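Source file: run11.txt; contents: compact mmCIF, C-alpha atoms and all ligand atoms.
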```txt
# COMPACT_ATOMS: atom_id res chain seq x y z
CA MET L 658 -77.10 -9.24 -16.90
CA GLN L 659 -79.75 -10.74 -19.08
CA PHE L 660 -81.54 -13.77 -17.77
CA VAL L 661 -80.84 -16.69 -20.07
CA ASP L 662 -81.97 -20.10 -18.93
CA GLU L 663 -81.01 -22.21 -21.92
CA ALA L 664 -77.90 -22.66 -24.02
CA ARG L 665 -76.78 -25.13 -26.62
CA PHE L 666 -73.29 -25.77 -27.91
CA VAL L 667 -70.74 -28.41 -28.79
CA VAL L 668 -68.13 -29.61 -26.31
CA ARG L 669 -65.00 -31.22 -27.66
CA ALA L 670 -62.33 -32.82 -25.54
CA GLY L 671 -58.72 -32.94 -26.67
CA CYS L 672 -57.30 -35.99 -28.46
CA GLY L 673 -54.57 -37.94 -26.85
CA GLY L 674 -51.06 -37.35 -28.15
CA ASP L 675 -49.42 -40.05 -30.28
CA GLY L 676 -46.80 -42.33 -28.88
CA SER L 677 -43.33 -41.92 -30.31
CA VAL L 678 -41.05 -44.25 -32.22
CA SER L 679 -37.51 -43.62 -31.17
CA PHE L 680 -34.31 -45.53 -30.50
CA ASN L 681 -31.74 -44.69 -27.97
CA ARG L 682 -28.54 -43.49 -29.66
CA GLU L 683 -25.39 -43.81 -27.69
CA LYS L 684 -21.84 -43.60 -28.80
CA TYR L 685 -20.52 -46.87 -30.26
CA LYS L 686 -24.05 -48.33 -30.23
CA PRO L 687 -25.49 -47.97 -33.70
CA ARG L 688 -28.98 -48.84 -32.67
CA GLY L 689 -29.91 -48.81 -29.00
CA GLY L 690 -33.10 -49.88 -27.32
CA PRO L 691 -36.50 -48.41 -28.18
CA ASP L 692 -37.22 -45.32 -26.09
CA GLY L 693 -40.27 -43.68 -27.69
CA GLY L 694 -42.43 -42.14 -24.95
CA ARG L 695 -46.14 -42.08 -24.48
CA GLY L 696 -48.44 -39.35 -25.76
CA GLY L 697 -50.13 -37.13 -23.19
CA ASP L 698 -53.84 -37.53 -22.50
CA GLY L 699 -56.13 -34.96 -24.06
CA GLY L 700 -57.83 -32.37 -21.84
CA SER L 701 -61.44 -32.85 -20.77
CA VAL L 702 -64.33 -30.41 -20.73
CA ILE L 703 -65.59 -30.12 -17.18
CA PHE L 704 -68.61 -28.21 -15.91
CA ARG L 705 -68.62 -26.75 -12.43
CA ALA L 706 -71.51 -25.13 -10.55
CA THR L 707 -70.86 -21.75 -9.01
CA GLU L 708 -72.91 -19.33 -6.97
CA ASP L 709 -71.24 -16.40 -8.72
CA LEU L 710 -73.41 -16.82 -11.79
CA GLN L 711 -77.20 -16.54 -11.94
CA THR L 712 -77.79 -17.00 -15.63
CA LEU L 713 -76.48 -18.89 -18.64
CA GLU L 714 -75.93 -15.59 -20.42
CA PRO L 715 -72.18 -16.12 -20.91
CA TYR L 716 -73.03 -19.14 -23.06
CA ALA L 717 -75.92 -17.68 -25.02
CA HIS L 718 -73.80 -17.30 -28.15
CA ARG L 719 -71.26 -20.01 -27.60
CA LYS L 720 -70.91 -22.54 -30.39
CA LEU L 721 -67.99 -24.63 -29.22
CA VAL L 722 -66.01 -25.24 -26.07
CA LYS L 723 -62.91 -27.33 -26.59
CA ALA L 724 -60.08 -28.61 -24.50
CA GLU L 725 -56.44 -28.95 -25.54
CA ARG L 726 -54.96 -32.01 -27.14
CA GLY L 727 -52.21 -34.00 -25.48
CA GLY L 728 -48.64 -33.57 -26.65
CA HIS L 729 -46.92 -36.32 -28.62
CA GLY L 730 -44.41 -38.51 -26.87
CA SER L 731 -40.76 -38.23 -27.80
CA GLY L 732 -37.44 -40.01 -27.52
CA ASN L 733 -35.66 -40.82 -24.32
CA ASN L 734 -39.04 -42.09 -23.02
CA ARG L 735 -40.34 -38.58 -22.67
CA ALA L 736 -44.10 -38.54 -22.29
CA GLY L 737 -46.09 -35.89 -24.11
CA GLU L 738 -47.69 -33.17 -22.04
CA ARG L 739 -51.20 -33.62 -20.82
CA GLY L 740 -53.71 -31.31 -22.53
CA ASP L 741 -55.27 -28.78 -20.17
CA ASP L 742 -58.83 -29.34 -19.07
CA VAL L 743 -61.35 -26.61 -19.68
CA VAL L 744 -63.60 -25.77 -16.76
CA VAL L 745 -66.92 -24.20 -17.69
CA GLU L 746 -68.59 -22.42 -14.80
CA VAL L 747 -72.38 -22.52 -14.73
CA PRO L 748 -74.96 -21.39 -12.19
CA VAL L 749 -76.09 -23.77 -9.50
CA GLY L 750 -79.22 -25.49 -10.78
CA THR L 751 -77.90 -26.17 -14.28
CA LEU L 752 -78.94 -29.41 -15.93
CA ILE L 753 -76.80 -30.74 -18.76
CA TYR L 754 -78.38 -32.85 -21.47
CA ASP L 755 -77.10 -34.49 -24.59
CA GLU L 756 -79.17 -36.18 -27.29
CA HIS L 757 -79.56 -39.26 -25.10
CA GLY L 758 -80.86 -37.45 -22.04
CA LEU L 759 -79.64 -36.03 -18.78
CA LEU L 760 -75.87 -36.11 -18.31
CA ALA L 761 -75.50 -34.13 -15.12
CA ASP L 762 -77.47 -32.18 -12.59
CA LEU L 763 -75.32 -29.57 -10.90
CA SER L 764 -77.39 -28.58 -7.91
CA GLU L 765 -74.69 -27.69 -5.42
CA ALA L 766 -71.95 -25.11 -5.57
CA GLY L 767 -68.63 -26.70 -6.48
CA GLU L 768 -70.22 -29.80 -7.96
CA GLU L 769 -68.49 -30.95 -11.16
CA ALA L 770 -69.26 -33.12 -14.14
CA VAL L 771 -66.93 -34.27 -16.88
CA VAL L 772 -69.01 -33.80 -19.99
CA ALA L 773 -66.42 -34.64 -22.64
CA ARG L 774 -63.52 -36.83 -21.67
CA GLY L 775 -60.11 -36.33 -23.20
CA GLY L 776 -58.69 -39.16 -25.33
CA LEU L 777 -55.94 -41.30 -23.86
CA GLY L 778 -52.44 -40.83 -25.17
CA GLY L 779 -50.93 -43.62 -27.25
CA ARG L 780 -48.02 -45.72 -26.05
CA GLY L 781 -44.59 -45.25 -27.53
CA ASN L 782 -42.54 -48.00 -29.12
CA SER L 783 -40.65 -48.67 -25.90
CA SER L 784 -43.86 -50.15 -24.46
CA PHE L 785 -43.90 -52.83 -27.12
CA ALA L 786 -40.45 -54.24 -26.58
CA THR L 787 -40.38 -57.87 -25.48
CA SER L 788 -37.62 -60.44 -25.22
CA THR L 789 -38.43 -61.62 -28.73
CA ARG L 790 -39.22 -58.21 -30.19
CA ARG L 791 -36.36 -56.03 -29.08
CA ALA L 792 -36.73 -53.22 -31.56
CA PRO L 793 -40.41 -52.52 -32.27
CA ALA L 794 -40.76 -49.67 -34.73
CA PHE L 795 -44.41 -48.87 -34.14
CA ARG L 796 -46.40 -46.92 -31.62
CA GLU L 797 -50.01 -46.26 -30.79
CA LYS L 798 -51.89 -43.20 -31.88
CA GLY L 799 -53.73 -41.14 -29.33
CA LEU L 800 -57.47 -41.73 -28.98
CA PRO L 801 -59.85 -38.99 -30.08
CA GLY L 802 -61.51 -36.92 -27.37
CA GLU L 803 -65.23 -37.14 -26.83
CA GLU L 804 -67.39 -34.67 -28.66
CA ARG L 805 -71.08 -34.06 -28.17
CA GLU L 806 -73.69 -31.41 -28.57
CA ILE L 807 -75.13 -30.43 -25.24
CA ARG L 808 -78.02 -28.39 -24.01
CA LEU L 809 -77.86 -26.55 -20.72
CA GLU L 810 -80.99 -25.77 -18.84
CA LEU L 811 -81.01 -23.62 -15.76
CA ARG L 812 -83.55 -24.17 -13.07
CA VAL L 813 -83.63 -21.70 -10.29
CA LEU L 814 -83.51 -23.73 -7.09
CA SER L 815 -86.05 -22.79 -4.49
CA ASP L 816 -88.02 -24.23 -1.60
CA VAL L 817 -91.24 -22.34 -2.23
CA GLY L 818 -92.54 -21.31 -5.63
CA LEU L 819 -95.01 -18.43 -5.90
CA VAL L 820 -97.60 -19.08 -8.57
CA GLY L 821 -100.37 -16.69 -9.52
CA LEU L 822 -102.13 -14.82 -12.27
CA PRO L 823 -100.43 -11.64 -13.50
CA ASN L 824 -100.79 -8.77 -11.07
CA ALA L 825 -101.81 -10.96 -8.11
CA GLY L 826 -99.00 -9.50 -6.06
CA LYS L 827 -96.39 -12.27 -6.17
CA SER L 828 -93.43 -9.96 -6.50
CA SER L 829 -94.84 -7.69 -3.80
CA LEU L 830 -95.10 -10.72 -1.52
CA LEU L 831 -91.55 -11.78 -2.26
CA SER L 832 -90.38 -8.30 -1.32
CA VAL L 833 -92.09 -8.41 2.07
CA LEU L 834 -91.21 -12.04 2.80
CA SER L 835 -87.53 -11.58 2.03
CA ALA L 836 -84.96 -8.89 1.43
CA ALA L 837 -85.33 -9.26 -2.34
CA LYS L 838 -86.38 -6.17 -4.27
CA PRO L 839 -88.19 -7.41 -7.36
CA LYS L 840 -89.91 -5.04 -9.74
CA VAL L 841 -93.55 -4.43 -8.81
CA GLY L 842 -96.03 -2.84 -11.19
CA ASP L 843 -99.76 -2.25 -11.45
CA TYR L 844 -99.87 -3.96 -14.81
CA PRO L 845 -99.73 -7.62 -15.83
CA PHE L 846 -96.40 -9.27 -16.71
CA THR L 847 -94.23 -6.95 -14.67
CA THR L 848 -92.06 -9.92 -13.87
CA LEU L 849 -90.43 -11.37 -16.98
CA THR L 850 -87.80 -13.61 -15.46
CA PRO L 851 -87.71 -15.70 -12.30
CA GLY L 852 -86.41 -14.07 -9.15
CA LEU L 853 -85.37 -15.41 -5.79
CA GLY L 854 -85.49 -14.21 -2.22
CA VAL L 855 -84.09 -15.77 0.93
CA VAL L 856 -86.44 -15.77 3.85
CA ASP L 857 -84.94 -14.59 7.06
CA ASP L 858 -82.30 -16.71 8.62
CA ARG L 859 -82.69 -14.92 11.94
CA THR L 860 -86.27 -15.93 12.63
CA TYR L 861 -85.87 -19.56 11.61
CA ARG L 862 -83.19 -22.09 12.23
CA GLU L 863 -83.07 -22.85 8.55
CA SER L 864 -83.60 -20.14 6.01
CA PHE L 865 -85.53 -20.97 2.87
CA VAL L 866 -85.67 -19.68 -0.64
CA VAL L 867 -88.78 -18.33 -2.34
CA ALA L 868 -89.01 -18.05 -6.12
CA ASP L 869 -91.15 -15.53 -7.95
CA ILE L 870 -91.99 -16.32 -11.56
CA PRO L 871 -93.94 -14.49 -14.26
CA GLY L 872 -97.71 -14.68 -14.01
CA LEU L 873 -99.67 -17.55 -15.54
CA ILE L 874 -102.87 -17.17 -17.49
CA ALA L 875 -105.45 -19.69 -18.65
CA GLY L 876 -103.94 -21.61 -21.56
CA ALA L 877 -100.35 -20.96 -20.44
CA SER L 878 -99.65 -24.63 -21.01
CA GLU L 879 -100.54 -24.05 -24.66
CA GLY L 880 -98.20 -21.11 -24.80
CA ARG L 881 -100.59 -18.24 -24.03
CA GLY L 882 -99.23 -15.23 -22.19
CA LEU L 883 -95.61 -15.94 -21.38
CA GLY L 884 -96.50 -19.61 -21.48
CA ASN L 885 -95.68 -22.02 -18.73
CA ARG L 886 -91.98 -22.37 -19.52
CA PHE L 887 -91.19 -20.56 -16.29
CA LEU L 888 -92.93 -23.23 -14.29
CA ARG L 889 -89.88 -25.38 -14.72
CA HIS L 890 -88.07 -23.02 -12.39
CA ILE L 891 -90.36 -24.02 -9.61
CA ALA L 892 -90.60 -27.63 -10.72
CA ARG L 893 -88.16 -28.49 -7.97
CA ALA L 894 -89.70 -26.33 -5.29
CA ARG L 895 -90.92 -28.52 -2.47
CA LEU L 896 -93.92 -26.34 -1.84
CA LEU L 897 -96.00 -24.04 -4.02
CA ALA L 898 -97.85 -20.96 -2.84
CA LEU L 899 -100.89 -20.13 -4.95
CA VAL L 900 -101.23 -16.37 -4.75
CA LEU L 901 -104.78 -15.15 -5.39
CA ASP L 902 -105.80 -11.52 -5.76
CA GLY L 903 -108.64 -11.23 -3.18
CA THR L 904 -110.18 -8.40 -5.15
CA GLN L 905 -110.32 -10.16 -8.52
CA ASP L 906 -112.38 -13.35 -8.72
CA PRO L 907 -110.12 -15.51 -6.53
CA GLU L 908 -112.22 -18.65 -7.19
CA GLY L 909 -111.72 -18.32 -10.95
CA ALA L 910 -108.01 -17.62 -10.45
CA GLN L 911 -107.62 -20.71 -8.30
CA ALA L 912 -109.33 -22.91 -10.89
CA THR L 913 -107.08 -21.53 -13.65
CA LEU L 914 -103.93 -22.05 -11.61
CA ARG L 915 -104.84 -25.60 -10.63
CA ALA L 916 -105.56 -26.45 -14.27
CA GLU L 917 -102.26 -24.97 -15.49
CA LEU L 918 -100.27 -26.69 -12.78
CA TYR L 919 -101.94 -29.95 -13.60
CA ALA L 920 -101.13 -29.52 -17.30
CA ALA L 921 -97.50 -28.92 -16.36
CA GLY L 922 -97.33 -32.10 -14.30
CA LEU L 923 -97.27 -30.21 -11.01
CA GLY L 924 -100.82 -31.05 -9.98
CA GLY L 925 -99.65 -33.28 -7.15
CA ARG L 926 -97.20 -30.81 -5.63
CA PRO L 927 -97.98 -29.73 -2.04
CA TYR L 928 -99.27 -26.17 -1.92
CA VAL L 929 -100.69 -23.47 0.30
CA THR L 930 -103.22 -20.89 -0.78
CA VAL L 931 -102.62 -17.21 -0.16
CA VAL L 932 -105.34 -14.59 -0.58
CA ASN L 933 -103.59 -11.26 -1.15
CA LYS L 934 -104.68 -7.61 -1.13
CA VAL L 935 -107.09 -8.06 1.80
CA ASP L 936 -106.34 -4.47 2.82
CA VAL L 937 -108.79 -3.41 0.12
CA LEU L 938 -111.57 -5.70 1.37
CA ASP L 939 -114.19 -4.90 4.00
CA GLU L 940 -114.95 -7.26 6.87
CA GLU L 941 -117.86 -8.87 5.06
CA LEU L 942 -115.81 -9.80 2.02
CA ARG L 943 -112.98 -11.08 4.16
CA GLY L 944 -115.48 -13.29 6.04
CA TYR L 945 -116.81 -14.59 2.76
CA LEU L 946 -113.30 -15.45 1.55
CA ARG L 947 -112.52 -17.16 4.86
CA GLU L 948 -115.47 -19.48 4.20
CA GLU L 949 -114.58 -19.96 0.55
CA PHE L 950 -110.89 -20.65 1.29
CA PRO L 951 -110.82 -22.10 4.81
CA ASP L 952 -107.20 -23.23 4.54
CA ALA L 953 -105.88 -20.04 2.98
CA VAL L 954 -103.84 -17.33 4.66
CA GLN L 955 -105.16 -13.83 4.16
CA VAL L 956 -102.41 -11.31 3.65
CA SER L 957 -101.64 -7.86 2.41
CA ALA L 958 -98.28 -7.34 0.79
CA LEU L 959 -99.04 -3.64 0.98
CA THR L 960 -99.61 -3.29 4.75
CA GLY L 961 -97.76 -6.42 5.86
CA GLU L 962 -100.86 -7.83 7.49
CA GLY L 963 -100.74 -11.64 7.68
CA VAL L 964 -97.21 -11.79 6.31
CA PRO L 965 -95.55 -13.15 9.50
CA GLU L 966 -98.29 -15.83 9.65
CA LEU L 967 -97.62 -16.74 6.02
CA ARG L 968 -93.90 -16.97 6.68
CA ASP L 969 -94.53 -19.25 9.68
CA LEU L 970 -96.89 -21.43 7.68
CA LEU L 971 -94.38 -21.84 4.85
CA GLU L 972 -91.61 -22.67 7.29
CA ARG L 973 -93.75 -25.24 9.11
CA ARG L 974 -94.89 -26.93 5.94
CA LEU L 975 -91.33 -27.07 4.59
CA ARG L 976 -90.06 -28.57 7.81
CA LYS L 977 -92.73 -31.27 7.57
CA LEU L 978 -91.94 -31.98 3.95
CA GLY L 979 -88.33 -32.66 4.90
CA GLU L 980 -85.29 -32.79 2.70
CA ARG L 981 -85.29 -31.39 -0.76
CA GLU L 982 -85.87 -34.02 -3.36
CA ARG L 983 -82.63 -34.27 -5.27
CA ALA L 984 -83.53 -36.70 -7.99
CA VAL L 985 -84.82 -34.99 -11.10
CA GLU L 986 -86.77 -36.69 -13.86
CA ALA L 987 -83.98 -39.09 -14.58
CA VAL L 988 -81.17 -40.73 -12.74
CA VAL L 989 -77.95 -39.27 -13.99
CA ARG L 990 -76.59 -41.67 -16.51
CA GLU L 991 -73.31 -43.31 -15.93
CA HIS L 992 -70.82 -41.61 -18.10
CA ARG L 993 -68.37 -43.52 -20.28
CA THR L 994 -65.84 -42.52 -22.83
CA PHE L 995 -67.10 -44.98 -25.34
CA ARG L 996 -70.65 -46.09 -25.08
CA PRO L 997 -70.78 -49.74 -25.96
CA THR L 998 -74.04 -51.42 -25.22
CA TRP L 999 -72.21 -54.65 -24.66
CA SER L 1000 -68.82 -55.25 -23.16
CA GLY L 1001 -67.58 -57.95 -25.49
CA MET L 1002 -67.17 -58.13 -29.18
CA ARG L 1003 -69.61 -58.82 -31.97
CA VAL L 1004 -69.03 -59.99 -35.49
CA GLU L 1005 -71.76 -59.37 -38.01
CA LYS L 1006 -72.12 -60.20 -41.66
CA THR L 1007 -73.25 -56.95 -43.28
CA GLY L 1008 -73.11 -57.87 -46.95
CA GLU L 1009 -72.06 -60.43 -49.52
CA HIS L 1010 -68.33 -60.22 -48.69
CA GLU L 1011 -68.58 -57.71 -45.86
CA TYR L 1012 -68.23 -58.10 -42.13
CA GLU L 1013 -68.34 -55.71 -39.25
CA VAL L 1014 -66.62 -56.17 -35.91
CA SER L 1015 -67.76 -54.05 -33.02
CA GLY L 1016 -66.92 -53.78 -29.36
CA GLU L 1017 -65.17 -51.21 -27.25
CA GLU L 1018 -61.80 -52.90 -26.94
CA ILE L 1019 -61.50 -53.77 -30.58
CA GLU L 1020 -62.65 -50.35 -31.77
CA ARG L 1021 -60.09 -48.71 -29.55
CA LEU L 1022 -57.40 -50.95 -30.93
CA ALA L 1023 -58.30 -49.84 -34.47
CA LEU L 1024 -58.25 -46.19 -33.45
CA ARG L 1025 -54.86 -46.59 -31.84
CA THR L 1026 -53.24 -48.27 -34.79
CA ASP L 1027 -50.83 -46.28 -36.86
CA TRP L 1028 -51.89 -47.37 -40.34
CA ASN L 1029 -48.88 -45.75 -41.96
CA SER L 1030 -46.52 -48.06 -40.21
CA PRO L 1031 -46.24 -51.62 -41.56
CA GLU L 1032 -45.18 -52.80 -38.14
CA GLY L 1033 -48.14 -51.06 -36.57
CA VAL L 1034 -50.47 -52.86 -38.98
CA GLU L 1035 -48.73 -56.14 -38.24
CA ASN L 1036 -49.23 -55.58 -34.56
CA PHE L 1037 -52.90 -54.88 -35.20
CA GLN L 1038 -53.24 -58.20 -37.01
CA ARG L 1039 -51.45 -60.03 -34.22
CA GLU L 1040 -53.85 -58.51 -31.72
CA LEU L 1041 -56.83 -59.55 -33.82
CA GLU L 1042 -55.57 -63.12 -33.72
CA ARG L 1043 -54.87 -62.96 -30.03
CA LYS L 1044 -58.29 -61.54 -29.16
CA GLY L 1045 -60.02 -64.22 -31.19
CA VAL L 1046 -61.37 -61.81 -33.79
CA VAL L 1047 -59.83 -63.70 -36.68
CA ALA L 1048 -61.33 -66.95 -35.48
CA ALA L 1049 -64.71 -65.29 -34.96
CA LEU L 1050 -64.59 -63.87 -38.48
CA ARG L 1051 -63.77 -67.28 -39.88
CA ARG L 1052 -66.64 -68.82 -37.95
CA ALA L 1053 -68.92 -66.17 -39.38
CA GLY L 1054 -67.84 -67.24 -42.87
CA ALA L 1055 -65.23 -64.63 -43.76
CA ALA L 1056 -62.80 -65.68 -46.49
CA PRO L 1057 -59.55 -64.04 -47.62
CA GLY L 1058 -60.27 -60.88 -49.59
CA ASP L 1059 -63.54 -60.12 -47.83
CA GLU L 1060 -63.93 -56.64 -46.43
CA VAL L 1061 -63.87 -56.15 -42.68
CA ARG L 1062 -64.86 -52.94 -40.92
CA ILE L 1063 -64.02 -51.99 -37.38
CA GLY L 1064 -65.35 -48.57 -36.47
CA ASP L 1065 -64.09 -46.21 -39.18
CA VAL L 1066 -61.40 -48.56 -40.33
CA GLY L 1067 -61.77 -50.98 -43.23
CA PHE L 1068 -59.33 -53.65 -44.43
CA ASP L 1069 -59.21 -56.91 -46.35
CA PHE L 1070 -59.43 -60.13 -44.45
CA SER L 1071 -56.39 -62.32 -44.95
N1 LIG S 1 -103.78 -2.90 -2.35
C1 LIG S 1 -102.85 -3.80 -2.56
N2 LIG S 1 -102.15 -3.80 -3.69
C2 LIG S 1 -101.21 -4.75 -3.87
C3 LIG S 1 -100.95 -5.71 -2.88
N3 LIG S 1 -99.97 -6.53 -3.35
C4 LIG S 1 -99.63 -6.06 -4.58
N4 LIG S 1 -100.37 -4.97 -4.88
C5 LIG S 1 -100.32 -4.21 -6.13
O1 LIG S 1 -100.69 -5.04 -7.20
C6 LIG S 1 -99.94 -4.72 -8.36
C7 LIG S 1 -99.23 -5.95 -8.88
O2 LIG S 1 -98.23 -6.35 -7.95
P1 LIG S 1 -97.00 -7.25 -8.37
O3 LIG S 1 -96.34 -7.63 -7.11
O4 LIG S 1 -96.22 -6.61 -9.43
O5 LIG S 1 -97.79 -8.49 -8.96
P2 LIG S 1 -97.23 -9.80 -9.66
O6 LIG S 1 -98.10 -10.91 -9.29
O7 LIG S 1 -95.78 -9.94 -9.37
O8 LIG S 1 -97.46 -9.45 -11.18
P3 LIG S 1 -96.73 -10.01 -12.49
O9 LIG S 1 -95.28 -10.00 -12.22
O10 LIG S 1 -97.10 -9.05 -13.55
O11 LIG S 1 -97.28 -11.36 -12.71
C8 LIG S 1 -98.98 -3.62 -7.96
O12 LIG S 1 -99.54 -2.39 -8.33
C9 LIG S 1 -98.93 -3.74 -6.44
O13 LIG S 1 -98.65 -2.50 -5.81
C10 LIG S 1 -101.72 -5.69 -1.70
O14 LIG S 1 -101.59 -6.50 -0.77
N5 LIG S 1 -102.66 -4.71 -1.59
MG MG S 2 -94.23 -9.95 -10.56
```

What would you get if you wrote out this structure as structure tokens?
Amino acid sequence: MQFVDEARFVVRAGCGGDGSVSFNREKYKPRGGPDGGRGGDGGSVIFRATEDLQTLEPYAHRKLVKAERGGHGSGNNRAGERGDDVVVEVPVGTLIYDEHGLLADLSEAGEEAVVARGGLGGRGNSSFATSTRRAPAFREKGLPGEEREIRLELRVLSDVGLVGLPNAGKSSLLSVLSAAKPKVGDYPFTTLTPGLGVVDDRTYRESFVVADIPGLIAGASEGRGLGNRFLRHIARARLLALVLDGTQDPEGAQATLRAELYAAGLGGRPYVTVVNKVDVLDEELRGYLREEFPDAVQVSALTGEGVPELRDLLERRLRKLGERERAVEAVVREHRTFRPTWSGMRVEKTGEHEYEVSGEEIERLALRTDWNSPEGVENFQRELERKGVVAALRRAGAAPGDEVRIGDVGFDFS
């Protein structure tokens, strides 16, 4: 399967079903009580993290994911059927963004996020019967489902991220540290996509995950080489391992890596330095490198020399660093069906004879109103009075005949 770490598409939840207008018909009773049932709620679009997927490939060409609408209510107080939810499975480590920012961070298998909520079903006429209004002939319409364009971003989740110039031996190291079998080649950019390996759960009480990413070069942050876009896969690694080729100007390589990490905002991340390919070096050169890099581990991915020491060092450092940091760059926003920035209602004069009323409750009321039914419209007006909207409009200067807008709905003030 191809490694795809980004996808963009529209999610659309189902609308709620409309309530029904119906009257009970029994023998000898020409017109019985109202019995129009409620519409079913629309289905939601839900994302769920799974370990069975490693890439966003299944969504690379997706344009739209939509859930079913709710069924309409019917007579005899029968509620409409609920629309089915759609569950979209994504790999663990998927971040979901919309135009406003992070919506969800699915970092554990089984974790779920509702990304587009289904609209609520409308009430049927039986819900509007009162002692003084025994035969209401109106109902509510179902609310629309949420719709938004989202962007998925996959970040491989690891404890240790291997960073190095091309050909330093990162993939070779991953293959000797873990059971992973990444592609190794004696040419730069052998690795084109991030890979993971789990380090031995027999040796240590807690196993840990090492990520291997494509090599960085000077200027990667400006897009040179494969660029630094793969750094985001190790952006959540608790510890970085800077892998230097001991035979190829390790000082220069270290300076380049530090600069690129800094440019990517990872300059402060804890790291260990690994000098690789020491099998090729004589004792004198090794001694020189020990002085140059006193804190580094000298290893050979080829002969396995120093590898157990490196594994121990990584394990020790991880244990000291403690729990994985779960918060990403943003706190996951609270998710609401409608996103009012205020909870009440606001009346604004928008033009000479124009007013706009906004607020979650009032906008919902407008959406629910069945404008084809005179009784429905009457009910809407009654509700406006009851909620104080009419008074607020008057206070704002509205006169009969002026235009009032609520959401997508416009009508004359009377
Ligand atoms: N002599 C010697 N050669 C090594 C050692 N480790 C890796 N190599 C060789 O170095 C070359 C590059 O190794 P890779 O593991 O593919 O390097 P990489 O850092 O993953 O490279 P990219 O994926 O291209 O960035 C291969 O030919 C390896 O066989 C080592 O410890 N000693
Ligand atoms: Mg590689």

(request) Rank L:Val931, L:Leu978, L:Leu814, L:Val820 by their smallest atom-to-atom distance to L:Glu917, using all atoms listed in the file, and report the top residue only. (result) L:Val820

Edge lengths and centre, in Å to one decimal, as AutoDock Vina command-line options: that's what I need for the box along x, y and z that holds all listed atoms of ligand LIG 1 (chain S) plus 6 Å on each side.
```
--center_x -99.5 --center_y -6.9 --center_z -7.2 --size_x 20.5 --size_y 21.0 --size_z 24.8
```

Applying 9 Å and only C-alpha atoms, which residues near L:Leu713 remain after dropping the ones on its own chain fewer than 6 positions away? List them as a short mmCIF file (atom, residue, chain, number, x, y, z; two decimals) with C-alpha atoms, in the coordinates of the input.
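As a result, around-v5.cif now contains:
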```
data_model
loop_
_atom_site.label_atom_id
_atom_site.label_comp_id
_atom_site.auth_asym_id
_atom_site.auth_seq_id
_atom_site.Cartn_x
_atom_site.Cartn_y
_atom_site.Cartn_z
CA GLN L 659 -79.75 -10.74 -19.08
CA PHE L 660 -81.54 -13.77 -17.77
CA VAL L 661 -80.84 -16.69 -20.07
CA ASP L 662 -81.97 -20.10 -18.93
CA GLU L 663 -81.01 -22.21 -21.92
CA ALA L 664 -77.90 -22.66 -24.02
CA VAL L 747 -72.38 -22.52 -14.73
CA PRO L 748 -74.96 -21.39 -12.19
CA THR L 751 -77.90 -26.17 -14.28
CA LEU L 809 -77.86 -26.55 -20.72
CA GLU L 810 -80.99 -25.77 -18.84
CA LEU L 811 -81.01 -23.62 -15.76
#
```

(message) Counting all atoms listed in the file, which residue out of L:Leu849, L:Ala836, L:Leu873, L:Leu777 sits closest to L:Pro823?
(response)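 Ranked by minimum distance to L:Pro823, first place goes to L:Leu873.
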
(request) Check the smallest atom-to-atom distance from each of L:Thr712, L:Thr904, L:Thr913, L:Thr848 to ligand LIG 1 (chain S) using all atoms listed in the file, then report the winner. (result)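 Nearest candidate to ligand LIG 1 (chain S) out of L:Thr712, L:Thr904, L:Thr913, L:Thr848: L:Thr848.
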
Using all atoms listed in the file, determine which residues fall within 8 Å of ligand MG 2 (chain S), then list them as a JSON list (two decimals) with C-alpha atoms, in the frame of the given file.
```
[["chain", "number", "residue", "atom", "x", "y", "z"],
["L", 823, "PRO", "CA", -100.43, -11.64, -13.50],
["L", 824, "ASN", "CA", -100.79, -8.77, -11.07],
["L", 826, "GLY", "CA", -99.00, -9.50, -6.06],
["L", 827, "LYS", "CA", -96.39, -12.27, -6.17],
["L", 828, "SER", "CA", -93.43, -9.96, -6.50],
["L", 829, "SER", "CA", -94.84, -7.69, -3.80],
["L", 839, "PRO", "CA", -88.19, -7.41, -7.36],
["L", 840, "LYS", "CA", -89.91, -5.04, -9.74],
["L", 841, "VAL", "CA", -93.55, -4.43, -8.81],
["L", 842, "GLY", "CA", -96.03, -2.84, -11.19],
["L", 845, "PRO", "CA", -99.73, -7.62, -15.83],
["L", 846, "PHE", "CA", -96.40, -9.27, -16.71],
["L", 847, "THR", "CA", -94.23, -6.95, -14.67],
["L", 848, "THR", "CA", -92.06, -9.92, -13.87],
["L", 849, "LEU", "CA", -90.43, -11.37, -16.98],
["L", 869, "ASP", "CA", -91.15, -15.53, -7.95],
["L", 870, "ILE", "CA", -91.99, -16.32, -11.56],
["L", 871, "PRO", "CA", -93.94, -14.49, -14.26],
["L", 872, "GLY", "CA", -97.71, -14.68, -14.01]]
```

(request) Go through L:Glu941, L:Asp816, L:Glu962, L:Glu683 and flag the residue nearest ligand LIG 1 (chain S), using only C-alpha atoms and all ligand atoms for the distances. (result)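 Closest to ligand LIG 1 (chain S) of all the choices is L:Glu962.
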
(message) Between L:Ala766, L:Gly903, L:Leu975, L:Gly750, which residue has the minimum interatomic distance to L:Tyr945, considering all atoms listed in the file?
(response)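 Residue with the minimum atom-to-atom distance to L:Tyr945: L:Gly903.
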
(request) Have a look at L:Ala1056, L:Leu970, L:Leu822, L:Ala916 and name the one nearest to ligand LIG 1 (chain S); count only C-alpha atoms and all ligand atoms. (result)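 Selected residue with least distance to ligand LIG 1 (chain S): L:Leu822.
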